$ cat final22.txt   # compact mmCIF, C-alpha atoms and all ligand atoms
# COMPACT_ATOMS: atom_id res chain seq x y z
CA MET A 767 3.64 14.16 -16.71
CA ASP A 768 0.53 14.21 -14.56
CA LEU A 769 1.23 15.03 -10.90
CA ARG A 770 -1.52 14.43 -8.35
CA ILE A 771 -0.43 15.64 -4.93
CA ALA A 772 -2.51 14.96 -1.82
CA LYS A 773 -1.87 16.02 1.75
CA SER A 774 -1.34 12.58 3.27
CA PRO A 775 -0.65 8.94 2.33
CA GLU A 776 -4.32 8.18 3.04
CA GLU A 777 -5.51 10.95 0.71
CA THR A 778 -3.01 9.82 -1.94
CA ALA A 779 -4.35 6.27 -1.75
CA LYS A 780 -7.91 7.60 -2.00
CA GLU A 781 -7.01 9.67 -5.09
CA PHE A 782 -5.60 6.56 -6.75
CA ALA A 783 -8.57 4.40 -5.72
CA GLU A 784 -10.93 6.89 -7.37
CA TYR A 785 -8.76 6.85 -10.50
CA LEU A 786 -8.82 3.04 -10.53
CA ILE A 787 -12.61 3.02 -10.34
CA GLN A 788 -12.87 5.57 -13.17
CA GLN A 789 -10.66 3.39 -15.36
CA HIS A 790 -12.60 0.28 -14.35
CA GLU A 791 -15.86 1.87 -15.52
CA LYS A 792 -14.35 2.36 -19.00
CA THR A 793 -13.43 -1.27 -19.62
CA ASP A 794 -15.01 -4.69 -19.36
CA VAL A 795 -12.02 -6.36 -17.69
CA LEU A 796 -9.18 -4.43 -16.04
CA HIS A 797 -5.75 -6.02 -15.89
CA VAL A 798 -3.74 -4.37 -13.10
CA ALA A 799 -0.15 -5.04 -11.99
CA LEU A 800 0.40 -4.23 -8.33
CA SER A 801 3.47 -2.87 -6.61
CA GLY A 802 4.82 -4.32 -3.39
CA GLY A 803 6.68 -2.92 -0.42
CA SER A 804 4.89 -0.85 2.21
CA THR A 805 3.38 2.10 0.31
CA PRO A 806 0.44 0.21 -1.23
CA LYS A 807 -0.70 -1.23 2.11
CA ILE A 808 -2.89 1.83 2.75
CA LEU A 809 -4.39 1.51 -0.74
CA PHE A 810 -5.18 -2.19 -0.31
CA ASP A 811 -6.79 -1.53 3.07
CA LEU A 812 -8.94 1.18 1.42
CA LEU A 813 -9.95 -1.07 -1.51
CA ALA A 814 -10.94 -3.76 1.00
CA THR A 815 -13.14 -1.40 3.00
CA GLU A 816 -14.39 2.00 1.78
CA PHE A 817 -14.17 1.12 -1.94
CA LYS A 818 -14.97 -2.60 -1.67
CA MET A 819 -18.46 -2.34 -3.15
CA ALA A 820 -17.42 0.18 -5.81
CA ILE A 821 -15.45 -2.44 -7.71
CA ASP A 822 -16.82 -5.47 -9.60
CA TRP A 823 -14.12 -7.91 -8.50
CA ASN A 824 -15.18 -10.37 -11.20
CA ARG A 825 -13.91 -7.87 -13.80
CA ILE A 826 -10.48 -7.16 -12.40
CA HIS A 827 -7.36 -9.31 -12.78
CA LEU A 828 -4.41 -8.80 -10.43
CA TYR A 829 -0.76 -9.32 -11.33
CA TRP A 830 2.47 -8.19 -9.66
CA GLY A 831 5.01 -5.81 -11.11
CA ASP A 832 7.61 -7.64 -9.07
CA GLU A 833 7.84 -10.33 -6.44
CA ARG A 834 10.47 -11.54 -4.03
CA CYS A 835 11.65 -15.11 -4.63
CA VAL A 836 10.31 -16.41 -1.33
CA GLN A 837 7.45 -18.65 -0.21
CA PRO A 838 3.98 -17.05 -0.57
CA THR A 839 3.64 -17.42 3.20
CA ASP A 840 6.83 -15.42 3.85
CA ASP A 841 6.40 -11.93 5.34
CA GLU A 842 8.69 -10.70 2.55
CA SER A 843 6.18 -11.85 -0.09
CA ASN A 844 4.31 -9.08 -1.94
CA PHE A 845 1.58 -11.64 -2.64
CA LYS A 846 1.22 -12.39 1.09
CA MET A 847 0.89 -8.68 1.89
CA THR A 848 -1.80 -8.32 -0.79
CA GLN A 849 -3.53 -11.53 0.30
CA ASP A 850 -3.65 -10.37 3.91
CA ARG A 851 -4.86 -6.83 3.23
CA LEU A 852 -7.01 -7.17 0.12
CA ILE A 853 -7.51 -10.54 -1.58
CA SER A 854 -8.74 -12.30 1.56
CA LYS A 855 -11.30 -9.52 2.08
CA VAL A 856 -12.95 -9.17 -1.32
CA ALA A 857 -14.87 -11.57 -3.57
CA ILE A 858 -12.28 -11.76 -6.33
CA PRO A 859 -12.30 -15.09 -8.19
CA GLU A 860 -9.16 -17.18 -7.69
CA GLU A 861 -8.63 -17.36 -11.45
CA ASN A 862 -8.28 -13.56 -11.48
CA ILE A 863 -5.21 -13.70 -9.25
CA HIS A 864 -2.01 -14.16 -11.23
CA ARG A 865 0.61 -14.79 -8.55
CA VAL A 866 4.32 -14.90 -9.22
CA LYS A 867 5.42 -18.24 -7.75
CA GLY A 868 8.29 -16.92 -5.67
CA GLU A 869 8.87 -20.36 -4.23
CA THR A 870 10.05 -21.83 -7.52
CA ASN A 871 13.29 -21.46 -9.50
CA PRO A 872 13.60 -17.73 -10.36
CA ASP A 873 14.67 -18.20 -13.99
CA GLU A 874 11.95 -20.78 -14.63
CA GLU A 875 9.36 -18.56 -12.90
CA ALA A 876 10.36 -15.48 -14.91
CA ALA A 877 9.70 -17.50 -18.06
CA ARG A 878 6.46 -19.00 -16.73
CA TYR A 879 5.14 -15.64 -15.54
CA SER A 880 5.99 -14.07 -18.89
CA SER A 881 3.84 -16.75 -20.55
CA GLU A 882 1.04 -16.21 -18.01
CA ILE A 883 1.03 -12.49 -18.86
CA GLU A 884 1.07 -13.18 -22.61
CA LYS A 885 -1.85 -15.59 -22.21
CA HIS A 886 -4.11 -12.98 -20.61
CA LEU A 887 -3.12 -9.63 -22.10
CA GLU A 888 -3.58 -8.17 -25.54
CA LYS A 889 -0.37 -7.19 -27.34
CA LYS A 890 0.67 -3.96 -29.07
CA ASN A 891 3.91 -3.75 -31.03
CA GLY A 892 4.70 -7.24 -29.77
CA LEU A 893 4.43 -6.31 -26.08
CA PRO A 894 1.67 -7.31 -23.61
CA VAL A 895 -0.38 -4.29 -22.54
CA PHE A 896 -1.51 -3.86 -18.94
CA ASP A 897 -4.42 -1.51 -18.33
CA ILE A 898 -2.74 -0.15 -15.19
CA ILE A 899 0.67 -0.79 -13.65
CA ILE A 900 1.09 0.54 -10.12
CA LEU A 901 4.71 1.31 -9.26
CA GLY A 902 6.49 2.29 -6.11
CA MET A 903 9.89 3.93 -5.96
CA GLY A 904 12.69 3.02 -3.61
CA SER A 905 14.85 5.67 -1.93
CA ASP A 906 17.59 4.65 -4.41
CA GLY A 907 15.30 5.40 -7.36
CA HIS A 908 14.51 1.76 -8.20
CA THR A 909 11.07 0.79 -9.38
CA ALA A 910 9.47 -2.64 -9.52
CA SER A 911 12.67 -4.65 -8.96
CA ILE A 912 14.74 -2.77 -11.50
CA PHE A 913 17.58 -1.45 -9.36
CA PRO A 914 20.22 1.10 -10.39
CA HIS A 915 22.95 -1.58 -10.58
CA GLU A 916 20.83 -3.56 -13.05
CA ILE A 917 19.38 -0.60 -14.96
CA GLU A 918 19.81 -2.56 -18.19
CA LEU A 919 16.64 -4.49 -17.26
CA LEU A 920 14.80 -1.41 -18.55
CA GLU A 921 15.79 -2.46 -22.08
CA SER A 922 15.47 -6.25 -21.72
CA ASP A 923 13.54 -7.99 -24.52
CA ALA A 924 12.03 -10.34 -21.94
CA ILE A 925 8.61 -9.63 -20.41
CA CYS A 926 9.89 -10.63 -16.95
CA ALA A 927 13.45 -10.95 -15.72
CA VAL A 928 15.29 -12.13 -12.61
CA ALA A 929 16.73 -9.25 -10.55
CA ASN A 930 19.00 -9.15 -7.50
CA HIS A 931 18.47 -6.85 -4.54
CA PRO A 932 21.66 -4.74 -4.27
CA GLU A 933 22.12 -5.16 -0.53
CA SER A 934 20.56 -8.49 0.41
CA GLY A 935 21.14 -10.27 -2.90
CA GLN A 936 17.55 -11.49 -2.64
CA LYS A 937 16.33 -12.71 -6.01
CA ARG A 938 13.29 -11.07 -7.51
CA VAL A 939 11.08 -11.59 -10.58
CA THR A 940 10.31 -8.24 -12.17
CA LEU A 941 8.51 -6.79 -15.16
CA THR A 942 11.05 -5.23 -17.51
CA GLY A 943 11.10 -1.59 -18.61
CA GLN A 944 9.67 -2.21 -22.06
CA VAL A 945 6.57 -3.93 -20.69
CA ILE A 946 6.06 -1.20 -18.09
CA ASN A 947 6.35 1.50 -20.76
CA ALA A 948 3.87 -0.38 -22.99
CA ALA A 949 1.03 -0.07 -20.45
CA LYS A 950 -2.06 2.06 -21.03
CA SER A 951 -1.47 3.68 -17.66
CA VAL A 952 1.46 3.69 -15.24
CA CYS A 953 0.76 5.11 -11.80
CA PHE A 954 3.55 5.81 -9.34
CA LEU A 955 2.35 5.79 -5.74
CA VAL A 956 5.12 7.51 -3.77
CA THR A 957 4.71 8.92 -0.27
CA GLY A 958 6.89 10.00 2.62
CA GLU A 959 9.73 12.48 2.99
CA GLY A 960 12.34 9.75 2.42
CA LYS A 961 11.50 9.93 -1.27
CA LYS A 962 11.41 13.73 -1.70
CA GLU A 963 14.93 14.18 -3.12
CA LYS A 964 14.56 11.47 -5.74
CA VAL A 965 11.08 12.75 -6.64
CA ARG A 966 12.52 16.24 -7.19
CA GLU A 967 15.46 14.94 -9.25
CA ILE A 968 13.15 12.86 -11.45
CA ILE A 969 10.26 15.29 -11.88
CA LYS A 970 12.63 18.24 -12.51
CA LYS A 971 14.68 16.02 -14.87
CA GLU A 972 17.95 16.77 -13.07
CA ASP A 973 21.10 15.14 -14.58
CA SER A 974 21.48 12.79 -11.57
CA ALA A 975 18.08 11.22 -12.35
CA SER A 976 19.52 9.31 -15.31
CA ASP A 977 20.93 6.78 -12.79
CA TYR A 978 17.47 6.03 -11.41
CA PRO A 979 15.32 3.37 -13.13
CA ALA A 980 12.15 5.22 -12.03
CA ALA A 981 13.26 8.21 -14.15
CA HIS A 982 13.17 6.08 -17.31
CA ILE A 983 9.50 5.17 -17.07
CA LYS A 984 8.07 7.21 -19.93
CA VAL A 985 5.02 5.19 -21.13
CA ASN A 986 4.93 5.03 -24.93
CA ASP A 987 1.26 5.70 -25.74
CA GLY A 988 -0.42 5.64 -22.35
CA GLU A 989 -0.56 7.97 -19.40
CA LEU A 990 2.00 8.41 -16.65
CA ILE A 991 0.66 9.70 -13.36
CA TRP A 992 2.61 10.37 -10.16
CA PHE A 993 0.36 10.10 -7.09
CA LEU A 994 2.33 11.82 -4.33
CA ASP A 995 1.68 13.06 -0.82
CA ASP A 996 2.92 16.46 0.37
CA SER A 997 5.97 14.91 2.04
CA ALA A 998 7.23 13.20 -1.09
CA ALA A 999 6.46 16.32 -3.15
CA ALA A 1000 8.03 18.72 -0.61
CA GLU A 1001 10.90 19.78 -2.92
CA LEU A 1002 8.81 20.29 -6.05
CA ASN A 1003 7.44 23.76 -5.40
C1 LIG B 1101 9.04 -4.23 -3.75
C2 LIG B 1101 8.42 -3.16 -4.58
C3 LIG B 1101 9.36 -2.03 -4.73
C4 LIG B 1101 8.77 -0.93 -3.89
C5 LIG B 1101 9.78 0.12 -3.56
C6 LIG B 1101 9.18 1.12 -2.57
O1 LIG B 1101 8.85 -5.42 -4.05
O2 LIG B 1101 9.68 -3.82 -2.76
O3 LIG B 1101 7.71 -3.48 -5.62
O4 LIG B 1101 9.58 -1.57 -6.04
O5 LIG B 1101 7.67 -0.37 -4.59
O6 LIG B 1101 10.90 -0.52 -2.98
O7 LIG B 1101 8.95 0.41 -1.37
P1 LIG B 1101 8.17 1.10 -0.14
O8 LIG B 1101 6.77 1.32 -0.61
O9 LIG B 1101 8.25 0.07 0.95
O10 LIG B 1101 8.91 2.37 0.14

$ encode --input "final22.txt" --output "structure tokens" --more "lines below"
Ligand code: 6PG
Amino acid sequence: MDLRIAKSPEETAKEFAEYLIQQHEKTDVLHVALSGGSTPKILFDLLATEFKMAIDWNRIHLYWGDERCVQPTDDESNFKMTQDRLISKVAIPEENIHRVKGETNPDEEAARYSSEIEKHLEKKNGLPVFDIIILGMGSDGHTASIFPHEIELLESDAICAVANHPESGQKRVTLTGQVINAAKSVCFLVTGEGKKEKVREIIKKEDSASDYPAAHIKVNDGELIWFLDDSAAAELN
């Protein structure tokens, strides 16, 4: 497991941005699944400013690892957050944006999005292969929208599944564990002291970690990198 620890959320985002550019230089087209929530906001701001000209936006396709089943104009929407902070600020072709349609029926959208992914990605062992999947981790150890109470979504045969937020009951469309683990590269971006206990339990492979979906991301043939800031990594040394 590759740990890359930086002193602040800004430095962590910069470390990842530099990694993304390195990977981009190795391939013609890069297919990247984005995480949602608040952590990636700093990264998207950076990609839209300091790193904007370092990326050929014609050769990158954006997907989402999970999306809330809300309108794309809703402040809860991961697409809206990405649109506001990144997509609206860079010259990425519309056909390179593969949005989960959170406004439609969740079950139908999970099936449609699975087909969208299959249409654009190469397969290996029957699973679509993303070049990079960016993941966050919740303070309960969830990742994408695979929550502890629905940990079986890690083993689902589907490419995408419908998940339910444990507190709000909000429906989500999420990549399943098998597709995440089939990626060439999975990069956790986890910052802030609120995550430090779960990070320690997962990285040190403590028994309690088996309840956390994020602990089960092992990546079959690719690389697994944890991009952390000092606060999230505070209990590792
Ligand atoms: C989402 C995310 C989710 C997120 C974690 C961490 O849709 O909320 O994809 O998996 O990455 O909940 O969220 P924060 O970055 O806000 O802590």

$ residues_near_ligand --input "final22.txt" --ligand "ligand LIG 1101 (chain B)" --cutoff "10 Å" --atoms "all atoms listed in the file" --output "PyMOL selection string"
chain A and resi 800-807+830-834+842-845+900-913+931+938-940+954-958+960-961+980

$ residues_near_point --input "final22.txt" --point "(-4.7, -3.4, 2.4)" --cutoff "12 Å" --atoms "all atoms listed in the file" --output "ChimeraX atom specification"
/A:776,779,783,800,802-818,844-856

$ atom_distance --input "final22.txt" --atom1 "atom CA of Glu967 of chain A" --atom2 "atom CA of Ala927 of chain A"
26.8 Å

$ atom_distance --input "final22.txt" --atom1 "atom CA of Asp996 of chain A" --atom2 "atom CA of Ala772 of chain A"
6.0 Å

$ closest_residue --input "final22.txt" --among "A:Asn986, A:Asp873, A:Glu882, A:Glu784" --to "Leu828 of chain A" --atoms "only C-alpha atoms"
A:Glu882

$ axis_aligned_box --input "final22.txt" --around "segment 898-916 of chain A" --padding-each-side "5 Å" --output "JSON"
{"center_x": 10.1, "center_y": 0.5, "center_z": -8.6, "size_x": 35.7, "size_y": 20.3, "size_z": 23.3}

$ closest_residue --input "final22.txt" --among "A:Glu1001, A:Glu860, A:Glu874, A:Asp897" --to "Asp987 of chain A" --atoms "only C-alpha atoms"
A:Asp897

$ residues_near_point --input "final22.txt" --point "(-17.1, -7.6, -13.8)" --cutoff "12 Å" --atoms "only C-alpha atoms" --output "NGL selection string"
:A and (790-797 or 819-827 or 857-859 or 862)

$ closest_residue --input "final22.txt" --among "A:Leu769, A:Val985, A:Ile968, A:Ile787" --to "Gly943 of chain A" --atoms "only C-alpha atoms"
A:Val985

$ atom_distance --input "final22.txt" --atom1 "atom CA of Lys867 of chain A" --atom2 "atom CA of Pro914 of chain A"
24.5 Å

$ closest_residue --input "final22.txt" --among "A:Leu1002, A:Ile883, A:Val866, A:Ala924" --to "Phe896 of chain A" --atoms "all atoms listed in the file"
A:Ile883

$ closest_residue --input "final22.txt" --among "A:Leu941, A:Glu918, A:Gly892, A:Tyr879" --to "Arg865 of chain A" --atoms "all atoms listed in the file"
A:Tyr879

$ closest_residue --input "final22.txt" --among "A:Pro872, A:Pro979, A:Pro775, A:Gly988" --to "Leu920 of chain A" --atoms "all atoms listed in the file"
A:Pro979

$ residues_around --input "final22.txt" --residues "Glu959 of chain A" --least-positions-apart "5" --cutoff "9 Å" --atoms "only C-alpha atoms" --output "ChimeraX atom specification"
/A:995-1000

$ write_last_selection --input "final22.txt" --atoms "C-alpha atoms" --output "mmCIF file, in the frame of the given file"
data_model
loop_
_atom_site.group_PDB
_atom_site.id
_atom_site.type_symbol
_atom_site.label_atom_id
_atom_site.label_comp_id
_atom_site.auth_asym_id
_atom_site.auth_seq_id
_atom_site.Cartn_x
_atom_site.Cartn_y
_atom_site.Cartn_z
ATOM 1 C CA ASP A 995 1.680 13.060 -0.820
ATOM 2 C CA ASP A 996 2.920 16.460 0.370
ATOM 3 C CA SER A 997 5.970 14.910 2.040
ATOM 4 C CA ALA A 998 7.230 13.200 -1.090
ATOM 5 C CA ALA A 999 6.460 16.320 -3.150
ATOM 6 C CA ALA A 1000 8.030 18.720 -0.610
#
